[in-house]
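Structure data follow from query08.cif (mmCIF, C-alpha atoms):
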data_query
#
loop_
_atom_site.label_atom_id
_atom_site.label_comp_id
_atom_site.auth_asym_id
_atom_site.auth_seq_id
_atom_site.Cartn_x
_atom_site.Cartn_y
_atom_site.Cartn_z
CA MET A 278 163.60 -76.59 207.02
CA VAL A 279 166.03 -79.00 205.36
CA ASN A 280 166.31 -82.51 206.79
CA ILE A 281 169.80 -84.01 206.76
CA LYS A 282 170.62 -87.53 207.90
CA ILE A 283 174.21 -88.60 208.56
CA ILE A 284 174.66 -92.36 208.62
CA VAL A 285 177.84 -93.06 210.57
CA GLU A 286 179.91 -96.21 210.75
CA GLY A 287 180.02 -97.21 214.41
CA GLY A 288 177.73 -97.92 217.31
CA VAL A 289 175.13 -100.68 217.05
CA LEU A 290 171.79 -101.03 215.32
CA PRO A 291 168.75 -100.18 217.51
CA ASN A 292 167.17 -103.60 217.02
CA SER A 293 170.34 -105.55 217.78
CA ASN A 294 170.25 -108.22 220.48
CA ILE A 295 172.58 -106.39 222.87
CA ASP A 296 172.80 -105.58 226.56
CA ALA A 297 171.69 -102.26 228.01
CA ASP A 298 175.22 -100.91 228.55
CA THR A 299 176.18 -101.51 224.93
CA PHE A 300 173.00 -99.83 223.71
CA ASN A 301 173.59 -96.84 225.99
CA ASN A 302 177.14 -96.47 224.73
CA SER A 303 175.84 -96.54 221.17
CA GLU A 304 173.39 -93.75 222.02
CA LYS A 305 176.26 -91.75 223.53
CA PHE A 306 178.15 -92.27 220.28
CA ARG A 307 175.29 -90.62 218.37
CA GLU A 308 175.01 -87.82 220.92
CA SER A 309 178.75 -87.11 220.68
CA PHE A 310 178.47 -86.40 216.97
CA HIS A 311 175.65 -83.97 217.74
CA ILE A 312 177.86 -82.25 220.31
CA ILE A 313 180.86 -81.69 218.04
CA LEU A 314 178.70 -80.57 215.11
CA SER A 315 176.81 -78.14 217.32
CA ASN A 316 180.13 -76.41 218.02
CA ILE A 317 179.74 -74.63 214.70
CA PHE A 318 176.20 -75.37 213.53
CA PRO A 319 173.16 -74.23 215.54
CA LEU A 320 171.12 -77.39 215.34
CA ASP A 321 167.85 -75.46 215.32
CA SER A 322 168.83 -74.10 211.89
CA PHE A 323 168.05 -77.45 210.23
CA ASN A 324 166.95 -80.92 211.24
CA LEU A 325 170.11 -83.01 211.61
CA VAL A 326 169.76 -86.72 212.39
CA ILE A 327 172.78 -88.84 213.33
CA GLU A 328 172.25 -92.56 212.78
CA PRO A 329 174.93 -95.04 213.92
CA ALA A 330 174.86 -98.04 211.62
CA ALA A 331 177.32 -100.52 213.16
CA GLY A 332 179.79 -101.83 210.56
CA TYR A 333 180.61 -100.24 207.22
CA LYS A 334 178.62 -102.78 205.18
CA GLN A 335 175.42 -102.02 207.08
CA ALA A 336 176.20 -98.30 206.96
CA ILE A 337 176.52 -98.42 203.17
CA LYS A 338 173.34 -100.49 202.85
CA SER A 339 171.38 -98.03 205.00
CA PHE A 340 172.83 -95.06 203.13
CA LYS A 341 171.88 -96.38 199.71
CA SER A 342 168.36 -97.11 200.93
CA GLU A 343 167.92 -93.62 202.43
CA GLN A 344 169.47 -91.90 199.42
CA GLN A 345 166.43 -92.76 197.39
CA LYS A 346 164.12 -90.64 199.53
CA ASP A 347 166.05 -88.31 201.84
CA ASN A 348 168.92 -85.84 201.88
CA CYS A 349 171.30 -88.39 203.35
CA ILE A 350 175.10 -88.56 203.65
CA LEU A 351 177.50 -91.30 204.69
CA LEU A 352 180.42 -90.99 207.11
CA ILE A 353 182.67 -94.06 207.30
CA ASP A 354 186.27 -95.05 207.96
CA SER A 355 188.45 -95.16 204.87
CA ASP A 356 190.85 -97.77 206.30
CA SER A 357 193.31 -96.49 203.70
CA PRO A 358 195.30 -93.32 202.88
CA LYS A 359 193.41 -90.39 201.38
CA THR A 360 195.35 -90.90 198.13
CA GLU A 361 193.32 -94.12 197.73
CA LYS A 362 189.96 -92.38 197.96
CA ALA A 363 188.90 -92.99 194.35
CA ASN A 364 189.84 -96.66 194.62
CA LYS A 365 187.99 -96.96 197.92
CA LEU A 366 184.84 -95.44 196.47
CA HIS A 367 185.02 -97.91 193.61
CA GLU A 368 185.70 -100.86 195.93
CA LEU A 369 182.65 -100.00 198.03
CA THR A 370 180.47 -99.28 194.96
CA LEU A 371 180.04 -95.68 196.10
CA THR A 372 181.53 -93.80 193.16
CA GLU A 373 178.17 -92.48 191.95
CA TYR A 374 177.47 -91.13 195.46
CA GLU A 375 180.84 -89.40 195.84
CA ASN A 376 179.39 -85.99 196.72
CA HIS A 377 177.46 -87.54 199.61
CA VAL A 378 180.23 -89.77 200.99
CA PHE A 379 182.72 -88.54 203.58
CA PHE A 380 185.62 -90.58 204.91
CA MET A 381 187.20 -90.58 208.34
CA VAL A 382 190.83 -91.03 207.26
CA GLN A 383 192.01 -93.54 208.07
CA GLU A 384 189.63 -94.21 210.99
CA MET A 385 187.56 -92.16 213.41
CA GLU A 386 190.36 -92.62 215.95
CA ALA A 387 192.64 -90.45 213.78
CA TRP A 388 190.35 -87.54 214.69
CA ILE A 389 191.08 -88.25 218.35
CA LEU A 390 194.84 -88.63 217.83
CA SER A 391 194.87 -85.27 216.07
CA GLN A 392 193.87 -83.58 219.34
CA PRO A 393 195.86 -84.98 222.27
CA LYS A 394 194.35 -82.34 224.54
CA CYS A 395 190.95 -84.02 224.11
CA ILE A 396 192.44 -87.26 225.47
CA ILE A 397 193.87 -85.38 228.45
CA LYS A 398 190.55 -83.62 229.07
CA THR A 399 188.66 -86.92 228.94
CA TYR A 400 190.77 -88.95 231.34
CA SER A 401 192.97 -86.77 233.54
CA LYS A 402 190.36 -86.37 236.30
CA ASN A 403 189.31 -90.01 236.48
CA LEU A 404 192.51 -91.94 235.73
CA ILE A 405 196.10 -91.89 236.94
CA SER A 406 198.33 -90.08 234.44
CA ILE A 407 201.78 -91.52 233.69
CA GLY A 408 204.30 -89.33 231.84
CA THR A 409 203.66 -86.53 229.36
CA LEU A 410 201.19 -87.78 226.78
CA GLU A 411 201.38 -84.86 224.35
CA ASN A 412 205.13 -85.42 223.82
CA ASP A 413 204.66 -88.94 222.43
CA ASP A 414 206.13 -89.48 218.97
CA VAL A 415 202.76 -90.57 217.56
CA PHE A 416 201.58 -86.95 217.79
CA LYS A 417 204.41 -85.87 215.50
CA LEU A 418 202.80 -87.80 212.63
CA ILE A 419 200.34 -86.27 210.17
CA PRO A 420 196.96 -87.49 211.51
CA GLU A 421 195.59 -88.50 208.09
CA GLU A 422 198.70 -90.63 207.50
CA ILE A 423 198.60 -92.67 210.73
CA PRO A 424 198.04 -96.34 209.82
CA ASN A 425 195.60 -98.22 212.06
CA PRO A 426 194.74 -95.28 214.35
CA THR A 427 192.61 -97.53 216.60
CA TYR A 428 195.71 -99.54 217.49
CA TRP A 429 197.77 -96.44 218.19
CA LEU A 430 195.08 -94.84 220.32
CA GLY A 431 195.05 -98.03 222.39
CA VAL A 432 198.82 -97.82 222.71
CA ILE A 433 198.63 -94.20 223.87
CA LEU A 434 196.01 -94.93 226.52
CA SER A 435 197.92 -97.93 227.87
CA ARG A 436 201.16 -95.94 227.99
CA TYR A 437 199.87 -92.91 229.82
CA TYR A 438 196.86 -93.92 231.92
CA ARG A 439 196.26 -96.32 234.77
CA TYR A 440 193.24 -97.21 236.90
CA GLU A 441 193.09 -99.01 240.23
CA LYS A 442 191.32 -102.31 240.64
CA ASN A 443 191.53 -104.35 243.86
CA GLY A 444 194.50 -102.28 244.97
CA THR A 445 196.43 -102.89 241.75
CA LYS A 446 197.19 -100.34 239.05
CA LYS A 447 196.17 -101.55 235.61
CA LYS A 448 196.76 -100.13 232.14
CA LYS A 449 193.86 -98.33 230.51
CA LYS A 450 192.53 -100.14 227.45
CA TYR A 451 190.62 -98.52 224.60
CA GLY A 452 187.09 -99.64 223.85
CA LYS A 453 185.52 -98.19 220.72
CA LEU A 454 181.97 -98.12 222.09
CA LYS A 455 182.90 -97.30 225.68
CA ASP A 456 185.65 -94.71 225.13
CA GLY A 457 184.92 -93.46 221.61
CA PRO A 458 181.86 -91.35 222.53
CA LEU A 459 183.63 -89.78 225.53
CA LEU A 460 186.59 -88.73 223.40
CA LEU A 461 184.49 -87.57 220.45
CA ALA A 462 182.47 -85.24 222.65
CA ASN A 463 185.65 -83.38 223.64
CA LEU A 464 186.89 -82.79 220.09
CA SER A 465 187.00 -79.37 218.49
CA MET A 466 185.12 -79.35 215.18
CA VAL A 467 187.08 -76.28 214.10
CA GLU A 468 190.37 -78.14 214.55
CA LEU A 469 189.00 -81.17 212.69
CA ILE A 470 188.07 -78.92 209.77
CA ASN A 471 191.58 -77.51 209.71
CA THR A 472 193.17 -80.97 209.83
CA PHE A 473 191.08 -83.35 207.72
CA GLU A 474 190.10 -82.81 204.09
CA ASP A 475 186.82 -84.70 204.26
CA VAL A 476 185.76 -82.89 207.44
CA ARG A 477 186.21 -79.65 205.49
CA ARG A 478 184.03 -81.12 202.75
CA LEU A 479 181.42 -82.12 205.34
CA ASN A 480 181.49 -78.62 206.81
CA THR A 481 180.94 -77.09 203.37
CA TYR A 482 178.11 -79.51 202.59
CA LEU A 483 176.29 -78.72 205.84
CA LYS A 484 176.80 -74.98 205.45
CA ASN A 485 175.43 -75.06 201.91
CA ASN A 486 172.34 -76.95 203.06
CA GLN A 487 171.94 -74.64 206.03
CA ALA A 488 171.90 -71.69 203.63
CA ILE A 489 169.19 -73.40 201.58
CA SER A 490 167.05 -73.84 204.69
CA ASN A 491 167.25 -70.15 205.64
#

Would it be possible to restate this file's structure as structure tokens?
Amino acid sequence: MVNIKIIVEGGVLPNSNIDADTFNNSEKFRESFHIILSNIFPLDSFNLVIEPAAGYKQAIKSFKSEQQKDNCILLIDSDSPKTEKANKLHELTLTEYENHVFFMVQEMEAWILSQPKCIIKTYSKNLISIGTLENDDVFKLIPEEIPNPTYWLGVILSRYYRYEKNGTKKKKKYGKLKDGPLLLANLSMVELINTFEDVRRLNTYLKNNQAISN
């Protein structure tokens, strides 16, 4: 059986000095990646380990360390358009690892914005819906070309969802560790493959390694 480790930008490091809620949310972040990948890959076909690595610098450091001994790949935000991929690889000193590096373009939140129905599924039962979310102009944009997707996801949530606190309706705010895992778990991997170039590359990589393990 082939062992594959995916080091992902996001979450927190296990040995960080953090409270229990933050650690639990980080674990949910890891579990969410397992959920969406299991949509198309039976996880008993190979040993897949998802390792959140906090920020991109730590993620890259961990990846380079693991690359020396394991079949390890890196999944990080690009924070730039996909046309800048070569420059980004060079900037992050990852050019020699290109075949094992996969970008979330421009951020993980672009994945979420590409599937408004996942936002609706996540919040409609627990929050108060305001207006018709899926008709917002942000969803008319090409997901890979949305600048600062984290900002725009926050805008979408504050526009269309409210929660009650002490009898007052308040706007929903986006928290990467709190909300990110919930939203990720409701994504369709098939739709991500059809929308994002590097998700297609990731799919091909995993399928090729799955074939080797069989």

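The gap separating atom CA of A:Arg307 from atom CA of A:Pro420 is 22.9 Å, in Å to one decimal.
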
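Of the listed residues (A:Asn443, A:Ser357, A:Asn425, A:Asn463), A:Ser357 comes nearest to A:Phe380; the distances count all atoms listed in the file.
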
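What separates atom CA of A:Glu368 from atom CA of A:Asp354 is a distance of 13.4 Å.
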
task: Skip stretch 325-331 of chain A itself and residues of its chain fewer than 2 positions away, then list as JSON, numbers by chain all residues within 8 Å of it, counting all atoms listed in the file.
output: {"A": [280, 281, 282, 283, 284, 285, 286, 287, 288, 289, 290, 303, 306, 307, 308, 310, 311, 320, 323, 333, 335, 336, 339]}

- request: Apply the PyMOL selection byres ((chain A and resi 402-415) around 9) to the file shown and report the selected residues as a PyMOL selection string.
  value: chain A and resi 390+393-394+396-401+416-420+423+429+433-434+436-441+446+449

- request: Provide the atom CA of A:Val378 to atom CA of A:Val467 distance in Å, to one decimal place.
  value: 20.0 Å

message: Here's a test: counting all atoms listed in the file, identify every protein, DNA and RNA residue with an atom at most 7 Å from (180.1, -82.7, 219.5) in the file's coordinate frame, and state them as a PyMOL selection string.
response: chain A and resi 309-316+461-464

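The closest residue to A:Lys338, picked from A:Ala387, A:Leu369, A:Ile470, A:Met381 and counting only C-alpha atoms, is A:Leu369.
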
Contacts of stretch 471-482 of chain A at 12 Å (only C-alpha atoms; same-chain gap of 2+ positions) as a VMD selection string: chain A and resid 281 283 313 to 318 348 to 355 358 to 360 362 375 to 385 387 to 392 419 to 422 465 to 469 484 to 489

- prompt: Of the candidates A:Glu386, A:Pro426, A:Thr370, A:Gly444, which shows the shortest atom-to-atom distance to A:Gly457, using all atoms listed in the file?
  reply: A:Glu386

So that all listed atoms of stretch 389-397 of chain A fit with 8 Å spare on each side, what axis-aligned box centre and edge lengths in Å, to one decimal, would you give as JSON?
{"center_x": 193.4, "center_y": -85.5, "center_z": 222.3, "size_x": 20.9, "size_y": 22.3, "size_z": 28.4}

- request: Skip A:Tyr374 itself and residues of its chain fewer than 6 positions away, then list as a VMD selection string all residues within 9 Å of it, counting all atoms listed in the file.
  value: chain A and resid 341 344 350 366
